[in-house]
Amino acid sequence: MTMEQIKIGNTLVDYRITYSSRQKTIELVIDLESGFTVKAPGSMSKEEVAANLRRKTSWIIINLDKMNEVIRNETRKEFVSGEKFPYKGKHYRLKVVQVNEEIVPTLTFTHSKFIAHLPVSVPELDYPRIIQPLFIGFYHEKAEKVLNQRARMYSKYFEEKPSLIKVQPLKNKWGNCSKTNQLRFNWRVVMAKMSIIDYVVVHELCHTKYKDHSKAFWNEVQKILPDYEERKEWLRVQGDLLKI
């Protein structure tokens with residue numbers, strides 16, 4: 001099984017290819033567990049598989065959209081052991097540990113999983129009420145560090161420097177640049193992979209030079225991120241999934 005990509009419009013779609021001598025025709029499978037899988041005859045080359053996919057782009061987009069809609073409408077997180085939570089583009093499992101003494105609930109990240117420590121007296125029904133704010137605090141803290149660091153790194157491209165960089169909840173926005181070049185970022189963006197975080201940062205930094213979305217503005221974004229359209233499209237399609 002190998003991982004490949006196909007570009008549909010401005011969107012890069014990942015898919016896995018499995019080859020089998022028993023497979024007579026190409027078969028496309030999209031599901032929640034394995035994502036997008038292409039089952040191909042053993043004699044078919046990668047180029048032939050790609051050519052087949054290019055003829056079926058409408059089917060691929062429609063069914064990927066359906067799968068994402070299912071994910072968006074999933075039952076809310078229960079915040080129990082085994083659930084996965086995103087951070088910088090990867091998903092990590094949560095482990096809930098309950099201890100006998102009356103401790104203050106905490107959440108730690110070990111670079112392989114999240115661990116929530118709770119008193120044993122807390123019933124599972126109350127996990128969301130207690131653990132969700134801990135996750136929000138974690139994301140907010142990490143977003144402060146990551147976004148400030150990336151903003152400093154990309155500021156070298158601009159004469160005007162941000163007068164403020166702040167992380168906060170932003171309804172229906174990933175970032176905002178004020179008339180006085182105060183940059184505000186949505187803490188949820190730290191759930192995304194770094195290339196997307198960088199796109200959001202560069203987008204707002206370009207607003208320190210251009211306060212609109214004119215051609216000059218997008219040309220400025222492209223100077224720094226030549227593939228910005230793919231990043232922008234990823235955020236448009238996948239952004240709703242960056243939530244807890």
# chains A, B, ... in the order shown; residues from 1 in each chain; ligands from 1
>>> residues_around(residues="region 113-118 of chain A", least_positions_apart="4", cutoff="9 Å", atoms="only C-alpha atoms", output="JSON, numbers by chain")
{"A": [81, 84, 85, 91, 92, 93, 94, 95, 96, 97, 98, 99, 100, 102, 103, 104, 105, 106, 107, 108, 109, 122, 127, 130, 131, 134]}
>>> closest_atom_pairs(of="region 87-175 of chain A", to="region 185-204 of chain A", cutoff="8 Å", atoms="only C-alpha atoms", output="tab-separated table")
residue	atom	partner	partner_atom	distance
A:Tyr87	CA	A:Met191	CA	4.2
A:Lys88	CA	A:Lys193	CA	4.5
A:Gly89	CA	A:Lys193	CA	3.6
A:Lys90	CA	A:Lys193	CA	7.3
A:Tyr139	CA	A:Trp187	CA	6.3
A:His140	CA	A:Trp187	CA	5.2
A:Lys142	CA	A:Val190	CA	7.2
A:Ala143	CA	A:Val190	CA	5.4
A:Glu144	CA	A:Trp187	CA	7.8
A:Val146	CA	A:Val190	CA	7.6
A:Leu147	CA	A:Val201	CA	7.1
A:Arg150	CA	A:Asp198	CA	6.8
A:Ala151	CA	A:Val201	CA	6.0
A:Tyr154	CA	A:Val202	CA	6.9
A:Ile165	CA	A:Phe185	CA	7.8
A:Lys166	CA	A:Phe185	CA	6.3
A:Val167	CA	A:Phe185	CA	4.8
A:Gln168	CA	A:Asn186	CA	5.5
A:Pro169	CA	A:Asn186	CA	5.3
A:Leu170	CA	A:Asn186	CA	5.2
A:Lys173	CA	A:Asn186	CA	6.9
A:Trp174	CA	A:Asn186	CA	5.0
A:Gly175	CA	A:Phe185	CA	4.3
>>> select_by_dssp(residues="region 1-230 of chain A", states="strand (DSSP E)", output="PyMOL selection string")
chain A and resi 2-8+11-20+27-31+35-41+84-87+90-99+106-109+113-119+164-168+175-177+182-186
>>> residues_around(residues="Glu27 (chain A)", least_positions_apart="4", cutoff="12 Å", atoms="only C-alpha atoms", output="VMD selection string")
chain A and resid 16 to 20 23 36 to 41 49 52 to 53 56 60
>>> residues_around(residues="Glu69 (chain A)", least_positions_apart="6", cutoff="10 Å", atoms="only C-alpha atoms", output="PyMOL selection string")
chain A and resi 63+240-241
>>> write_last_selection(atoms="C-alpha atoms", output="PDB file, in the first residue's frame")
ATOM      1  CA  ASN A  63     -17.949  11.783  -1.685  1.00  0.00           C
ATOM      2  CA  ASP A 240     -14.697  23.285  10.152  1.00  0.00           C
ATOM      3  CA  LEU A 241     -13.034  20.105  11.414  1.00  0.00           C
TER       4      LEU A 241
END
>>> select_by_dssp(residues="region 13-140 of chain A", states="alpha helix (DSSP H)", output="mmCIF file with all heavy atoms, in the first residue's frame")
data_model
loop_
_atom_site.group_PDB
_atom_site.id
_atom_site.type_symbol
_atom_site.label_atom_id
_atom_site.label_comp_id
_atom_site.auth_asym_id
_atom_site.auth_seq_id
_atom_site.Cartn_x
_atom_site.Cartn_y
_atom_site.Cartn_z
ATOM 1 N N LYS A 46 0.973 3.414 -11.746
ATOM 2 C CA LYS A 46 0.512 4.583 -11.002
ATOM 3 C C LYS A 46 -0.026 5.653 -11.950
ATOM 4 O O LYS A 46 -0.973 6.360 -11.628
ATOM 5 C CB LYS A 46 1.654 5.161 -10.162
ATOM 6 C CG LYS A 46 2.036 4.318 -8.964
ATOM 7 C CD LYS A 46 3.139 4.977 -8.154
ATOM 8 C CE LYS A 46 3.548 4.123 -6.963
ATOM 9 N NZ LYS A 46 4.642 4.754 -6.184
ATOM 10 N N GLU A 47 0.605 5.762 -13.115
ATOM 11 C CA GLU A 47 0.153 6.751 -14.101
ATOM 12 C C GLU A 47 -1.252 6.423 -14.595
ATOM 13 O O GLU A 47 -2.088 7.316 -14.777
ATOM 14 C CB GLU A 47 1.128 6.803 -15.279
ATOM 15 C CG GLU A 47 2.496 7.402 -14.947
ATOM 16 C CD GLU A 47 3.365 6.471 -14.121
ATOM 17 O OE1 GLU A 47 3.109 5.237 -14.143
ATOM 18 O OE2 GLU A 47 4.293 6.971 -13.443
ATOM 19 N N GLU A 48 -1.521 5.130 -14.822
ATOM 20 C CA GLU A 48 -2.858 4.719 -15.269
ATOM 21 C C GLU A 48 -3.891 4.951 -14.174
ATOM 22 O O GLU A 48 -5.026 5.354 -14.444
ATOM 23 C CB GLU A 48 -2.840 3.247 -15.680
ATOM 24 C CG GLU A 48 -2.094 2.970 -16.974
ATOM 25 C CD GLU A 48 -1.978 1.479 -17.264
ATOM 26 O OE1 GLU A 48 -1.501 0.740 -16.383
ATOM 27 O OE2 GLU A 48 -2.374 1.066 -18.365
ATOM 28 N N VAL A 49 -3.492 4.698 -12.909
ATOM 29 C CA VAL A 49 -4.392 4.958 -11.787
ATOM 30 C C VAL A 49 -4.726 6.448 -11.737
ATOM 31 O O VAL A 49 -5.889 6.842 -11.624
ATOM 32 C CB VAL A 49 -3.752 4.511 -10.449
ATOM 33 C CG1 VAL A 49 -4.592 4.999 -9.278
ATOM 34 C CG2 VAL A 49 -3.613 2.996 -10.406
ATOM 35 N N ALA A 50 -3.694 7.303 -11.846
ATOM 36 C CA ALA A 50 -3.896 8.756 -11.797
ATOM 37 C C ALA A 50 -4.806 9.221 -12.935
ATOM 38 O O ALA A 50 -5.676 10.074 -12.743
ATOM 39 C CB ALA A 50 -2.556 9.474 -11.856
ATOM 40 N N ALA A 51 -4.632 8.641 -14.106
ATOM 41 C CA ALA A 51 -5.469 9.010 -15.254
ATOM 42 C C ALA A 51 -6.927 8.644 -14.994
ATOM 43 O O ALA A 51 -7.845 9.401 -15.329
ATOM 44 C CB ALA A 51 -4.964 8.314 -16.514
ATOM 45 N N ASN A 52 -7.145 7.478 -14.371
ATOM 46 C CA ASN A 52 -8.507 7.067 -14.001
ATOM 47 C C ASN A 52 -9.122 8.043 -13.008
ATOM 48 O O ASN A 52 -10.297 8.402 -13.114
ATOM 49 C CB ASN A 52 -8.485 5.657 -13.407
ATOM 50 C CG ASN A 52 -8.679 4.578 -14.443
ATOM 51 O OD1 ASN A 52 -9.808 4.211 -14.775
ATOM 52 N ND2 ASN A 52 -7.584 4.067 -14.971
ATOM 53 N N LEU A 53 -8.323 8.460 -12.034
ATOM 54 C CA LEU A 53 -8.838 9.379 -11.010
ATOM 55 C C LEU A 53 -9.199 10.736 -11.604
ATOM 56 O O LEU A 53 -10.184 11.344 -11.194
ATOM 57 C CB LEU A 53 -7.804 9.551 -9.890
ATOM 58 C CG LEU A 53 -7.486 8.314 -9.049
ATOM 59 C CD1 LEU A 53 -6.543 8.666 -7.918
ATOM 60 C CD2 LEU A 53 -8.740 7.664 -8.505
ATOM 61 N N ARG A 54 -8.393 11.192 -12.557
ATOM 62 C CA ARG A 54 -8.688 12.493 -13.178
ATOM 63 C C ARG A 54 -10.021 12.478 -13.921
ATOM 64 O O ARG A 54 -10.662 13.513 -14.077
ATOM 65 C CB ARG A 54 -7.549 12.904 -14.117
ATOM 66 C CG ARG A 54 -6.323 13.435 -13.376
ATOM 67 C CD ARG A 54 -5.342 14.100 -14.315
ATOM 68 N NE ARG A 54 -4.644 13.118 -15.151
ATOM 69 C CZ ARG A 54 -3.526 12.507 -14.796
ATOM 70 N NH1 ARG A 54 -2.956 12.771 -13.624
ATOM 71 N NH2 ARG A 54 -2.946 11.647 -15.600
ATOM 72 N N THR A 57 -13.006 12.973 -10.983
ATOM 73 C CA THR A 57 -12.813 14.004 -9.955
ATOM 74 C C THR A 57 -14.127 14.444 -9.315
ATOM 75 O O THR A 57 -14.173 14.709 -8.113
ATOM 76 C CB THR A 57 -12.079 15.226 -10.543
ATOM 77 O OG1 THR A 57 -12.792 15.686 -11.697
ATOM 78 C CG2 THR A 57 -10.653 14.880 -10.924
ATOM 79 N N SER A 58 -15.197 14.522 -10.109
ATOM 80 C CA SER A 58 -16.489 14.946 -9.543
ATOM 81 C C SER A 58 -16.958 13.969 -8.478
ATOM 82 O O SER A 58 -17.401 14.363 -7.395
ATOM 83 C CB SER A 58 -17.551 15.061 -10.642
ATOM 84 O OG SER A 58 -17.229 16.099 -11.531
ATOM 85 N N TRP A 59 -16.854 12.673 -8.763
ATOM 86 C CA TRP A 59 -17.263 11.645 -7.797
ATOM 87 C C TRP A 59 -16.418 11.755 -6.530
ATOM 88 O O TRP A 59 -16.939 11.669 -5.409
ATOM 89 C CB TRP A 59 -17.103 10.254 -8.414
ATOM 90 C CG TRP A 59 -17.570 9.146 -7.520
ATOM 91 C CD1 TRP A 59 -18.795 8.565 -7.496
ATOM 92 C CD2 TRP A 59 -16.798 8.474 -6.482
ATOM 93 N NE1 TRP A 59 -18.859 7.588 -6.527
ATOM 94 C CE2 TRP A 59 -17.649 7.515 -5.888
ATOM 95 C CE3 TRP A 59 -15.493 8.593 -6.003
ATOM 96 C CZ2 TRP A 59 -17.230 6.690 -4.852
ATOM 97 C CZ3 TRP A 59 -15.081 7.774 -4.965
ATOM 98 C CH2 TRP A 59 -15.947 6.826 -4.405
ATOM 99 N N ILE A 60 -15.117 11.975 -6.694
ATOM 100 C CA ILE A 60 -14.211 12.058 -5.545
ATOM 101 C C ILE A 60 -14.592 13.233 -4.649
ATOM 102 O O ILE A 60 -14.731 13.080 -3.424
ATOM 103 C CB ILE A 60 -12.740 12.188 -6.016
ATOM 104 C CG1 ILE A 60 -12.306 10.904 -6.731
ATOM 105 C CG2 ILE A 60 -11.823 12.473 -4.829
ATOM 106 C CD1 ILE A 60 -10.982 11.049 -7.473
ATOM 107 N N ILE A 61 -14.774 14.412 -5.239
ATOM 108 C CA ILE A 61 -15.100 15.611 -4.459
ATOM 109 C C ILE A 61 -16.443 15.453 -3.755
ATOM 110 O O ILE A 61 -16.584 15.775 -2.562
ATOM 111 C CB ILE A 61 -15.097 16.866 -5.360
ATOM 112 C CG1 ILE A 61 -13.674 17.185 -5.812
ATOM 113 C CG2 ILE A 61 -15.709 18.054 -4.634
ATOM 114 C CD1 ILE A 61 -12.716 17.507 -4.680
ATOM 115 N N ILE A 62 -17.443 14.958 -4.464
ATOM 116 C CA ILE A 62 -18.774 14.781 -3.869
ATOM 117 C C ILE A 62 -18.704 13.867 -2.661
ATOM 118 O O ILE A 62 -19.277 14.156 -1.597
ATOM 119 C CB ILE A 62 -19.772 14.230 -4.912
ATOM 120 C CG1 ILE A 62 -20.119 15.315 -5.930
ATOM 121 C CG2 ILE A 62 -21.052 13.729 -4.237
ATOM 122 C CD1 ILE A 62 -20.890 14.811 -7.132
ATOM 123 N N ASN A 63 -17.986 12.752 -2.781
ATOM 124 C CA ASN A 63 -17.949 11.783 -1.685
ATOM 125 C C ASN A 63 -17.026 12.204 -0.551
ATOM 126 O O ASN A 63 -17.301 11.878 0.613
ATOM 127 C CB ASN A 63 -17.556 10.406 -2.226
ATOM 128 C CG ASN A 63 -18.711 9.723 -2.935
ATOM 129 O OD1 ASN A 63 -19.546 9.079 -2.323
ATOM 130 N ND2 ASN A 63 -18.782 9.900 -4.242
ATOM 131 N N LEU A 64 -15.961 12.938 -0.854
ATOM 132 C CA LEU A 64 -15.134 13.498 0.218
ATOM 133 C C LEU A 64 -15.925 14.532 1.006
ATOM 134 O O LEU A 64 -15.829 14.592 2.233
ATOM 135 C CB LEU A 64 -13.862 14.118 -0.358
ATOM 136 C CG LEU A 64 -12.759 13.164 -0.801
ATOM 137 C CD1 LEU A 64 -11.631 13.932 -1.462
ATOM 138 C CD2 LEU A 64 -12.223 12.333 0.355
ATOM 139 N N ASP A 65 -16.724 15.344 0.290
ATOM 140 C CA ASP A 65 -17.573 16.327 0.966
ATOM 141 C C ASP A 65 -18.584 15.639 1.876
ATOM 142 O O ASP A 65 -18.851 16.102 2.990
ATOM 143 C CB ASP A 65 -18.297 17.206 -0.056
ATOM 144 C CG ASP A 65 -17.383 18.255 -0.675
ATOM 145 O OD1 ASP A 65 -16.274 18.452 -0.139
ATOM 146 O OD2 ASP A 65 -17.772 18.860 -1.680
ATOM 147 N N LYS A 66 -19.150 14.532 1.394
ATOM 148 C CA LYS A 66 -20.114 13.784 2.208
ATOM 149 C C LYS A 66 -19.454 13.256 3.477
ATOM 150 O O LYS A 66 -20.028 13.327 4.570
ATOM 151 C CB LYS A 66 -20.702 12.619 1.406
ATOM 152 C CG LYS A 66 -21.730 13.013 0.352
ATOM 153 C CD LYS A 66 -22.235 11.786 -0.374
ATOM 154 C CE LYS A 66 -23.247 12.158 -1.461
ATOM 155 N NZ LYS A 66 -23.687 10.954 -2.218
ATOM 156 N N MET A 67 -18.236 12.715 3.334
ATOM 157 C CA MET A 67 -17.528 12.184 4.496
ATOM 158 C C MET A 67 -17.220 13.291 5.491
ATOM 159 O O MET A 67 -17.400 13.131 6.700
ATOM 160 C CB MET A 67 -16.235 11.498 4.060
ATOM 161 C CG MET A 67 -15.473 10.845 5.219
ATOM 162 S SD MET A 67 -13.940 10.042 4.713
ATOM 163 C CE MET A 67 -12.903 11.468 4.398
ATOM 164 N N ASN A 68 -16.762 14.442 4.986
ATOM 165 C CA ASN A 68 -16.461 15.560 5.882
ATOM 166 C C ASN A 68 -17.707 16.076 6.586
ATOM 167 O O ASN A 68 -17.657 16.511 7.733
ATOM 168 C CB ASN A 68 -15.789 16.692 5.106
ATOM 169 C CG ASN A 68 -14.347 16.381 4.761
ATOM 170 O OD1 ASN A 68 -13.705 15.584 5.437
ATOM 171 N ND2 ASN A 68 -13.839 16.987 3.704
ATOM 172 N N GLU A 69 -18.844 16.020 5.893
ATOM 173 C CA GLU A 69 -20.100 16.453 6.502
ATOM 174 C C GLU A 69 -20.472 15.532 7.654
ATOM 175 O O GLU A 69 -20.962 15.978 8.697
ATOM 176 C CB GLU A 69 -21.215 16.465 5.449
ATOM 177 C CG GLU A 69 -22.487 17.159 5.909
ATOM 178 C CD GLU A 69 -22.284 18.620 6.229
ATOM 179 O OE1 GLU A 69 -21.415 19.268 5.620
ATOM 180 O OE2 GLU A 69 -22.982 19.125 7.131
ATOM 181 N N VAL A 70 -20.228 14.232 7.479
ATOM 182 C CA VAL A 70 -20.483 13.271 8.556
ATOM 183 C C VAL A 70 -19.602 13.585 9.751
ATOM 184 O O VAL A 70 -20.052 13.590 10.904
ATOM 185 C CB VAL A 70 -20.232 11.819 8.073
ATOM 186 C CG1 VAL A 70 -20.250 10.857 9.258
ATOM 187 C CG2 VAL A 70 -21.288 11.406 7.056
ATOM 188 N N ILE A 71 -18.318 13.890 9.475
ATOM 189 C CA ILE A 71 -17.390 14.213 10.562
ATOM 190 C C ILE A 71 -17.841 15.468 11.290
ATOM 191 O O ILE A 71 -17.824 15.541 12.516
ATOM 192 C CB ILE A 71 -15.957 14.383 10.008
ATOM 193 C CG1 ILE A 71 -15.452 13.052 9.450
ATOM 194 C CG2 ILE A 71 -15.024 14.898 11.096
ATOM 195 C CD1 ILE A 71 -14.134 13.154 8.702
ATOM 196 N N ARG A 72 -18.276 16.478 10.515
ATOM 197 C CA ARG A 72 -18.728 17.735 11.136
ATOM 198 C C ARG A 72 -19.932 17.517 12.039
ATOM 199 O O ARG A 72 -20.110 18.201 13.036
ATOM 200 C CB ARG A 72 -19.082 18.759 10.047
ATOM 201 C CG ARG A 72 -17.895 19.303 9.284
ATOM 202 C CD ARG A 72 -18.323 20.396 8.331
ATOM 203 N NE ARG A 72 -17.205 20.834 7.518
ATOM 204 C CZ ARG A 72 -16.963 20.420 6.285
ATOM 205 N NH1 ARG A 72 -17.785 19.560 5.709
ATOM 206 N NH2 ARG A 72 -15.913 20.861 5.612
ATOM 207 N N TYR A 127 -17.065 14.494 32.355
ATOM 208 C CA TYR A 127 -15.775 14.673 31.686
ATOM 209 C C TYR A 127 -15.770 15.876 30.726
ATOM 210 O O TYR A 127 -14.843 16.692 30.766
ATOM 211 C CB TYR A 127 -15.396 13.411 30.908
ATOM 212 C CG TYR A 127 -14.850 12.279 31.750
ATOM 213 C CD1 TYR A 127 -14.864 12.323 33.141
ATOM 214 C CD2 TYR A 127 -14.314 11.140 31.149
ATOM 215 C CE1 TYR A 127 -14.380 11.279 33.900
ATOM 216 C CE2 TYR A 127 -13.814 10.088 31.888
ATOM 217 C CZ TYR A 127 -13.844 10.156 33.265
ATOM 218 O OH TYR A 127 -13.348 9.110 34.012
ATOM 219 N N PRO A 128 -16.778 16.003 29.829
ATOM 220 C CA PRO A 128 -16.733 17.143 28.888
ATOM 221 C C PRO A 128 -16.683 18.494 29.601
ATOM 222 O O PRO A 128 -15.911 19.378 29.214
ATOM 223 C CB PRO A 128 -18.028 16.974 28.080
ATOM 224 C CG PRO A 128 -18.345 15.522 28.164
ATOM 225 C CD PRO A 128 -17.917 15.116 29.544
ATOM 226 N N ARG A 129 -17.493 18.642 30.636
ATOM 227 C CA ARG A 129 -17.564 19.915 31.358
ATOM 228 C C ARG A 129 -16.221 20.281 31.980
ATOM 229 O O ARG A 129 -15.851 21.464 32.042
ATOM 230 C CB ARG A 129 -18.648 19.827 32.440
ATOM 231 C CG ARG A 129 -18.787 21.082 33.290
ATOM 232 C CD ARG A 129 -19.893 20.914 34.315
ATOM 233 N NE ARG A 129 -19.661 19.833 35.255
ATOM 234 C CZ ARG A 129 -18.854 19.918 36.332
ATOM 235 N NH1 ARG A 129 -18.226 21.056 36.585
ATOM 236 N NH2 ARG A 129 -18.702 18.892 37.150
ATOM 237 N N ILE A 130 -15.467 19.275 32.416
ATOM 238 C CA ILE A 130 -14.207 19.524 33.111
ATOM 239 C C ILE A 130 -13.006 19.514 32.161
ATOM 240 O O ILE A 130 -12.108 20.362 32.250
ATOM 241 C CB ILE A 130 -14.001 18.479 34.228
ATOM 242 C CG1 ILE A 130 -15.079 18.675 35.308
ATOM 243 C CG2 ILE A 130 -12.600 18.576 34.824
ATOM 244 C CD1 ILE A 130 -15.085 17.603 36.372
ATOM 245 N N ILE A 131 -12.986 18.580 31.205
ATOM 246 C CA ILE A 131 -11.798 18.407 30.363
ATOM 247 C C ILE A 131 -11.773 19.362 29.171
ATOM 248 O O ILE A 131 -10.707 19.823 28.768
ATOM 249 C CB ILE A 131 -11.683 16.937 29.887
ATOM 250 C CG1 ILE A 131 -11.572 16.000 31.100
ATOM 251 C CG2 ILE A 131 -10.463 16.757 28.980
ATOM 252 C CD1 ILE A 131 -11.520 14.527 30.750
ATOM 253 N N GLN A 132 -12.930 19.695 28.618
ATOM 254 C CA GLN A 132 -12.926 20.587 27.456
ATOM 255 C C GLN A 132 -12.235 21.928 27.746
ATOM 256 O O GLN A 132 -11.398 22.381 26.953
ATOM 257 C CB GLN A 132 -14.340 20.831 26.938
ATOM 258 C CG GLN A 132 -14.352 21.654 25.646
ATOM 259 C CD GLN A 132 -15.749 21.978 25.170
ATOM 260 O OE1 GLN A 132 -16.630 22.299 25.972
ATOM 261 N NE2 GLN A 132 -15.969 21.884 23.866
ATOM 262 N N PRO A 133 -12.532 22.593 28.889
ATOM 263 C CA PRO A 133 -11.815 23.851 29.177
ATOM 264 C C PRO A 133 -10.305 23.659 29.307
ATOM 265 O O PRO A 133 -9.533 24.570 28.996
ATOM 266 C CB PRO A 133 -12.420 24.301 30.516
ATOM 267 C CG PRO A 133 -13.767 23.650 30.568
ATOM 268 C CD PRO A 133 -13.574 22.327 29.893
ATOM 269 N N LEU A 134 -9.888 22.473 29.763
ATOM 270 C CA LEU A 134 -8.450 22.194 29.866
ATOM 271 C C LEU A 134 -7.828 22.147 28.475
ATOM 272 O O LEU A 134 -6.711 22.644 28.260
ATOM 273 C CB LEU A 134 -8.215 20.868 30.601
ATOM 274 C CG LEU A 134 -8.712 20.785 32.052
ATOM 275 C CD1 LEU A 134 -8.434 19.393 32.617
ATOM 276 C CD2 LEU A 134 -8.050 21.857 32.919
ATOM 277 N N PHE A 135 -8.526 21.543 27.517
ATOM 278 C CA PHE A 135 -8.031 21.513 26.138
ATOM 279 C C PHE A 135 -7.973 22.913 25.550
ATOM 280 O O PHE A 135 -6.995 23.278 24.891
ATOM 281 C CB PHE A 135 -8.925 20.611 25.269
ATOM 282 C CG PHE A 135 -8.445 19.192 25.175
ATOM 283 C CD1 PHE A 135 -9.028 18.201 25.936
ATOM 284 C CD2 PHE A 135 -7.405 18.851 24.314
ATOM 285 C CE1 PHE A 135 -8.591 16.887 25.850
ATOM 286 C CE2 PHE A 135 -6.954 17.546 24.222
ATOM 287 C CZ PHE A 135 -7.547 16.555 24.988
ATOM 288 N N ILE A 136 -9.018 23.691 25.781
ATOM 289 C CA ILE A 136 -9.036 25.057 25.249
ATOM 290 C C ILE A 136 -7.857 25.858 25.818
ATOM 291 O O ILE A 136 -7.184 26.597 25.095
ATOM 292 C CB ILE A 136 -10.377 25.740 25.558
ATOM 293 C CG1 ILE A 136 -11.505 25.059 24.768
ATOM 294 C CG2 ILE A 136 -10.324 27.234 25.224
ATOM 295 C CD1 ILE A 136 -12.899 25.546 25.117
ATOM 296 N N GLY A 137 -7.592 25.688 27.112
ATOM 297 C CA GLY A 137 -6.445 26.347 27.737
ATOM 298 C C GLY A 137 -5.129 25.900 27.119
ATOM 299 O O GLY A 137 -4.232 26.715 26.874
ATOM 300 N N PHE A 138 -5.020 24.600 26.867
ATOM 301 C CA PHE A 138 -3.806 24.054 26.242
ATOM 302 C C PHE A 138 -3.604 24.666 24.861
ATOM 303 O O PHE A 138 -2.522 25.162 24.536
ATOM 304 C CB PHE A 138 -3.914 22.535 26.132
ATOM 305 C CG PHE A 138 -2.859 21.909 25.259
ATOM 306 C CD1 PHE A 138 -1.604 21.614 25.766
ATOM 307 C CD2 PHE A 138 -3.124 21.623 23.925
ATOM 308 C CE1 PHE A 138 -0.618 21.049 24.951
ATOM 309 C CE2 PHE A 138 -2.157 21.061 23.101
ATOM 310 C CZ PHE A 138 -0.898 20.775 23.627
ATOM 311 N N TYR A 139 -4.656 24.635 24.018
ATOM 312 C CA TYR A 139 -4.543 25.175 22.663
ATOM 313 C C TYR A 139 -4.222 26.666 22.686
ATOM 314 O O TYR A 139 -3.420 27.147 21.883
ATOM 315 C CB TYR A 139 -5.843 24.944 21.891
ATOM 316 C CG TYR A 139 -6.101 23.507 21.495
ATOM 317 C CD1 TYR A 139 -7.336 22.904 21.744
ATOM 318 C CD2 TYR A 139 -5.120 22.748 20.853
ATOM 319 C CE1 TYR A 139 -7.579 21.586 21.370
ATOM 320 C CE2 TYR A 139 -5.353 21.438 20.475
ATOM 321 C CZ TYR A 139 -6.587 20.858 20.737
ATOM 322 O OH TYR A 139 -6.828 19.562 20.363
ATOM 323 N N HIS A 140 -4.855 27.386 23.584
ATOM 324 C CA HIS A 140 -4.632 28.831 23.670
ATOM 325 C C HIS A 140 -3.170 29.119 24.021
ATOM 326 O O HIS A 140 -2.526 29.980 23.397
ATOM 327 C CB HIS A 140 -5.562 29.435 24.728
ATOM 328 C CG HIS A 140 -5.756 30.917 24.603
ATOM 329 N ND1 HIS A 140 -4.776 31.815 24.955
ATOM 330 C CD2 HIS A 140 -6.805 31.652 24.154
ATOM 331 C CE1 HIS A 140 -5.204 33.043 24.736
ATOM 332 N NE2 HIS A 140 -6.436 32.976 24.245
#
>>> residues_around(residues="Thr208 (chain A)", least_positions_apart="5", cutoff="8 Å", atoms="only C-alpha atoms", output="PyMOL selection string")
chain A and resi 160-162+177+181
>>> write_last_selection(atoms="N, CA, C and O atoms", output="PDB file, in the first residue's frame")
ATOM      1  N   GLU A 160       6.466  47.307   7.886  1.00  0.00           N
ATOM      2  CA  GLU A 160       5.574  47.564   9.019  1.00  0.00           C
ATOM      3  C   GLU A 160       5.508  46.316   9.911  1.00  0.00           C
ATOM      4  O   GLU A 160       5.231  45.220   9.423  1.00  0.00           O
ATOM      5  N   LYS A 161       5.781  46.499  11.181  1.00  0.00           N
ATOM      6  CA  LYS A 161       5.724  45.381  12.116  1.00  0.00           C
ATOM      7  C   LYS A 161       4.391  45.416  12.875  1.00  0.00           C
ATOM      8  O   LYS A 161       3.824  46.496  13.116  1.00  0.00           O
ATOM      9  N   PRO A 162       3.878  44.254  13.261  1.00  0.00           N
ATOM     10  CA  PRO A 162       2.629  44.240  14.037  1.00  0.00           C
ATOM     11  C   PRO A 162       2.790  45.012  15.336  1.00  0.00           C
ATOM     12  O   PRO A 162       3.810  44.904  16.019  1.00  0.00           O
ATOM     13  N   CYS A 177      -6.527  41.736  11.129  1.00  0.00           N
ATOM     14  CA  CYS A 177      -5.527  42.794  11.231  1.00  0.00           C
ATOM     15  C   CYS A 177      -6.251  44.127  11.316  1.00  0.00           C
ATOM     16  O   CYS A 177      -7.031  44.474  10.422  1.00  0.00           O
ATOM     17  N   ASN A 181      -2.517  47.810  12.707  1.00  0.00           N
ATOM     18  CA  ASN A 181      -1.672  46.614  12.559  1.00  0.00           C
ATOM     19  C   ASN A 181      -1.604  45.748  13.814  1.00  0.00           C
ATOM     20  O   ASN A 181      -0.574  45.138  14.115  1.00  0.00           O
TER      21      ASN A 181
END
>>> atom_distance(atom1="CA of Thr25 (chain A)", atom2="CA of Met44 (chain A)")
9.3 Å
>>> atom_distance(atom1="CA of Val29 (chain A)", atom2="CA of Glu229 (chain A)")
27.0 Å
